[in-house]
Amino acid sequence: MVRDIPELRRIAKELRLDVLEMTTKAASGHPSSCFSAVEIMVALYFGGILSYNPRDPFWEGRDRFILSKGHAAPLLYAVLARAGFFPREQLWTLRTLHSPLQGHPVYRLLPGVEATTGSLGQGLSIGLGHALAGKMKGQSFRVYVLLGDGECQEGQVWEAAMAAAHFQAGNLTAIVDYNKFQETGPIAREMNLEPFRKKWEAFGWWVEEVDGHDLGALCEVLQQIKAAQRTQPSVLIAHTVKGKGVSFVEQDFTFHGRALTEEQAKRAREEILCG
Amino acid sequence: MRIGERAGLKPGRPMRDVFGEALLAVCEKDPRIIVLDGDLGNSTKADLVRRRFPERFLNMGIAESNLVGVACGLSACGFIPFVVSFSSFLLCNAYDQIRLGVAMSRANVKLVGSHGGITLGKDGPTQMGIEDLALVGGLPTVAILVPCDRVSMHWAVQAAVEWTGPMFIRSSRYAMPEVYEDGTSFAVGKANVLREGKDLTIVACGLMVGCALDAWAMLREEGIEARVIDLHTIRPLDRDTLVQAARETRALVVAEEHLLHGGVGANVARIVAEEAPCPMRFVGLADVYPDSADADDLLRECGLTSEVLFQKCREVLELKGRIVK
């Protein structure tokens, strides 16, 4: 498939604007954690990696995407709306009474949401369950799980990593949004993950690293992982910038768990549009 | 005296053996069932399935959080996973995973907590599931079954396959007496009235059903007619049967092999207090961790016996205003 990188860049820009509007309207949420993962999600959903059908969202042969870093829910919702899973107008109901757009994703409420996440560390295990089911049923779908970097401090991630290698879940790909910050500060200061690549390798995973904002590189490496058909699971460590696209958010990690004010959002919108 | 002996119940085999057979039986019938083990299959007896269907038995190692997460993924793909471990390890280690992945997601995952209660005995309090019903009871959407004998265990495992959504079954190491005849019919959420009676009601689950029937026999010798209810389903709770019993007998004793705090008795009391307040007494575990010891010594030490239950019945009858000689 020929990918139109400028078109993907335009989509990324629009998704950032959607996330900004959703979280500012909701006056809460984690916009900076969404911004770091935008290009990863664009590559998966619009760069020809994931196979899905919004008219039949739980079609058995679909590729699975599980957002383990559930706090990036606004981004997932914006992506799913854009992909046609539900009307875009629903995006503005985020975090309001009776909306299926919960603060963190809840399974069965929205088409396209594959798992309930938000308590960190749980998505990779669920993805492994899907992957093992695919192997047992002889189906060729692939499973993608997006993890936060801080999330990899959870022991369950490594339980799942050990089991995925043990069961040779070659149809499972983890992607780590390595934006180098967790809630309270820099990962390296609060709870260091390094040597991160070696940890995954030691657990028996195939490891790739990429600039997580380079859409061309992301599409290429994800396509390579898909085509390689390895017996071992793969992890893509995507080096990203928290708050990517908005300079004053990039420079201030305390934006982790808060939305921008109307005034900040106005400045952010201008930066995203010019970016 | 053995539990159930006074009531004339035949001795049963260890519940975990019965569970293993019941699990194998449903696996024979339904290819959607996958058994997930936390490396305790030889203790829980889930390994009966491993020998017969190795491809449908996954030992996920000693990692309960991942064990539950994998089950959630399998269930989303149409399998019916039975997650089997010790009740304490499964609920305490993987509570958050069960909360989000199973309960909140209404996943079709079946959780089996083996070695429930104190009667695993000598391995001690670290292994005992004495808080399990309170823990799983704290998760809306999870149905909870506590079988009391061989027949009800076979029913419970089959019911879990037929039930759509999350369900928890408590299993045990103890040999519980045979309460039911083969072919007895059960329904999830519909308690079984084992003995009709008008003077008081004993509500029991699991091992305490045998004690309740013993107490019924002891009371009968004194001319007292006790109603005995096997509350095999803790959620959904059979409100109607409980309220009817409270209205008609005006005195209730609830017995469980579980902490009193947050246990079955507390749930029954809430309903009785709302609908038909009457004197109540409770048999269960006090707020202490039991010792490592022989199961029957522990049952006596902790007051989970037919005699203690009988005494509680006398107390509640006195409260009701009827003097027991």
# chains A, B, ... in the order shown; residues from 1 in each chain; ligands from 1
call {"tool": "residues_around", "arguments": {"residues": "Lys198 in chain B", "least_positions_apart": "2", "cutoff": "8 Å", "atoms": "only C-alpha atoms", "output": "list in words"}}
result
Glu196, Leu200, Thr201, Glu225, Ala226, Arg227, Glu248 and Thr249 of chain B
call {"tool": "residues_around", "arguments": {"residues": "His261 in chain B", "least_positions_apart": "6", "cutoff": "12 Å", "atoms": "only C-alpha atoms", "output": "PyMOL selection string"}}
result
chain B and resi 130-135+137+267+269+282-288
call {"tool": "closest_atom_pairs", "arguments": {"of": "chain B", "to": "chain A", "cutoff": "8 Å", "atoms": "only C-alpha atoms", "output": "Markdown table"}}
result
| residue | atom | partner | partner_atom | distance |
| --- | --- | --- | --- | --- |
| B:Met60 | CA | A:Ala163 | CA | 6.9 |
| B:Ala63 | CA | A:Glu159 | CA | 6.3 |
| B:Ser65 | CA | A:Gln156 | CA | 6.1 |
| B:Asn66 | CA | A:Ser125 | CA | 5.2 |
| B:Leu67 | CA | A:Ser125 | CA | 7.7 |
| B:Val68 | CA | A:Ser125 | CA | 8.0 |
| B:Gly69 | CA | A:Ile126 | CA | 4.6 |
| B:Val70 | CA | A:Gly129 | CA | 3.9 |
| B:Ala71 | CA | A:Gly129 | CA | 6.0 |
| B:Cys72 | CA | A:Ile126 | CA | 5.8 |
| B:Gly73 | CA | A:Gly129 | CA | 3.9 |
| B:Leu74 | CA | A:Gly129 | CA | 4.7 |
| B:Ala76 | CA | A:His130 | CA | 7.3 |
| B:Cys77 | CA | A:Ala133 | CA | 6.4 |
| B:Phe79 | CA | A:Ala133 | CA | 7.8 |
| B:Asp96 | CA | A:Ser119 | CA | 7.7 |
| B:Gln97 | CA | A:Gln122 | CA | 6.8 |
| B:Leu100 | CA | A:Thr116 | CA | 5.8 |
| B:Gly101 | CA | A:Thr116 | CA | 6.0 |
| B:Met104 | CA | A:Thr116 | CA | 7.4 |
| B:Ser105 | CA | A:Tyr107 | CA | 5.2 |
call {"tool": "residues_around", "arguments": {"residues": "range 220-226 of chain A", "least_positions_apart": "5", "cutoff": "12 Å", "atoms": "only C-alpha atoms", "output": "ChimeraX atom specification"}}
result
/A:1-3,5,40-45,47-51,63,140-144,170-175,205-212,214-215,231-238
call {"tool": "closest_residue", "arguments": {"among": "A:Gly257, A:Asn192, A:Ala169, A:Leu76", "to": "Gln229 in chain A", "atoms": "only C-alpha atoms"}}
result
A:Ala169
call {"tool": "residues_around", "arguments": {"residues": "Pro147 in chain B", "least_positions_apart": "3", "cutoff": "6 Å", "atoms": "only C-alpha atoms", "output": "PyMOL selection string"}}
result
chain B and resi 152-153+206+232
call {"tool": "select_by_dssp", "arguments": {"residues": "range 61-132 of chain A", "states": "strand (DSSP E or B)", "output": "MDAnalysis selection string"}}
result
chainID A and resid 64:67
call {"tool": "residues_around", "arguments": {"residues": "range 42-51 of chain B", "least_positions_apart": "5", "cutoff": "8 Å", "atoms": "only C-alpha atoms", "output": "ChimeraX atom specification"}}
result
/B:16-17,19-21,23-24,27,35,37,56-57,84-86,114-115
call {"tool": "residues_around", "arguments": {"residues": "range 189-192 of chain B", "least_positions_apart": "5", "cutoff": "7 Å", "atoms": "only C-alpha atoms", "output": "NGL selection string"}}
result
:B and (229-233 or 235-238 or 241)
call {"tool": "write_last_selection", "arguments": {"atoms": "N, CA and C atoms", "output": "PDB file, in the first residue's frame"}}
result
ATOM      1  N   ILE B 229     -32.175 -23.727  54.850  1.00  0.00           N
ATOM      2  CA  ILE B 229     -32.012 -23.209  53.486  1.00  0.00           C
ATOM      3  C   ILE B 229     -30.555 -23.327  53.060  1.00  0.00           C
ATOM      4  N   ASP B 230     -30.333 -23.973  51.935  1.00  0.00           N
ATOM      5  CA  ASP B 230     -29.000 -23.984  51.326  1.00  0.00           C
ATOM      6  C   ASP B 230     -28.897 -22.771  50.409  1.00  0.00           C
ATOM      7  N   LEU B 231     -28.151 -21.780  50.844  1.00  0.00           N
ATOM      8  CA  LEU B 231     -27.984 -20.560  50.048  1.00  0.00           C
ATOM      9  C   LEU B 231     -26.773 -20.769  49.123  1.00  0.00           C
ATOM     10  N   HIS B 232     -26.980 -21.605  48.110  1.00  0.00           N
ATOM     11  CA  HIS B 232     -25.841 -21.938  47.236  1.00  0.00           C
ATOM     12  C   HIS B 232     -25.422 -20.784  46.344  1.00  0.00           C
ATOM     13  N   THR B 233     -26.344 -19.821  46.135  1.00  0.00           N
ATOM     14  CA  THR B 233     -25.993 -18.649  45.333  1.00  0.00           C
ATOM     15  C   THR B 233     -25.923 -17.426  46.241  1.00  0.00           C
ATOM     16  N   ARG B 235     -24.717 -14.411  45.020  1.00  0.00           N
ATOM     17  CA  ARG B 235     -25.204 -13.343  44.134  1.00  0.00           C
ATOM     18  C   ARG B 235     -25.619 -13.984  42.825  1.00  0.00           C
ATOM     19  N   PRO B 236     -26.800 -13.756  42.274  1.00  0.00           N
ATOM     20  CA  PRO B 236     -27.866 -12.943  42.881  1.00  0.00           C
ATOM     21  C   PRO B 236     -28.497 -13.636  44.088  1.00  0.00           C
ATOM     22  N   LEU B 237     -28.708 -12.868  45.135  1.00  0.00           N
ATOM     23  CA  LEU B 237     -29.233 -13.410  46.385  1.00  0.00           C
ATOM     24  C   LEU B 237     -30.748 -13.619  46.256  1.00  0.00           C
ATOM     25  N   ASP B 238     -31.207 -14.743  46.786  1.00  0.00           N
ATOM     26  CA  ASP B 238     -32.626 -15.091  46.676  1.00  0.00           C
ATOM     27  C   ASP B 238     -33.424 -14.351  47.751  1.00  0.00           C
ATOM     28  N   THR B 241     -37.000 -15.964  48.980  1.00  0.00           N
ATOM     29  CA  THR B 241     -36.955 -17.100  49.901  1.00  0.00           C
ATOM     30  C   THR B 241     -36.511 -16.658  51.296  1.00  0.00           C
TER      31      THR B 241
END
call {"tool": "residues_around", "arguments": {"residues": "range 88-91 of chain A", "least_positions_apart": "6", "cutoff": "12 Å", "atoms": "only C-alpha atoms", "output": "ChimeraX atom specification"}}
result
/A:15,17-26,73-82,98-103,110
call {"tool": "select_by_dssp", "arguments": {"residues": "range 115-316 of chain B", "states": "helix (DSSP H, G or I)", "output": "ChimeraX atom specification"}}
result
/B:121-123,132-137,150-162,208-221,239-249,264-275,295-301,306-316
call {"tool": "atom_distance", "arguments": {"atom1": "CA of Glu178 in chain B", "atom2": "CA of Cys148 in chain B"}}
result
8.2 Å
call {"tool": "atom_distance", "arguments": {"atom1": "CA of Ile234 in chain B", "atom2": "CA of Arg270 in chain B"}}
result
13.1 Å
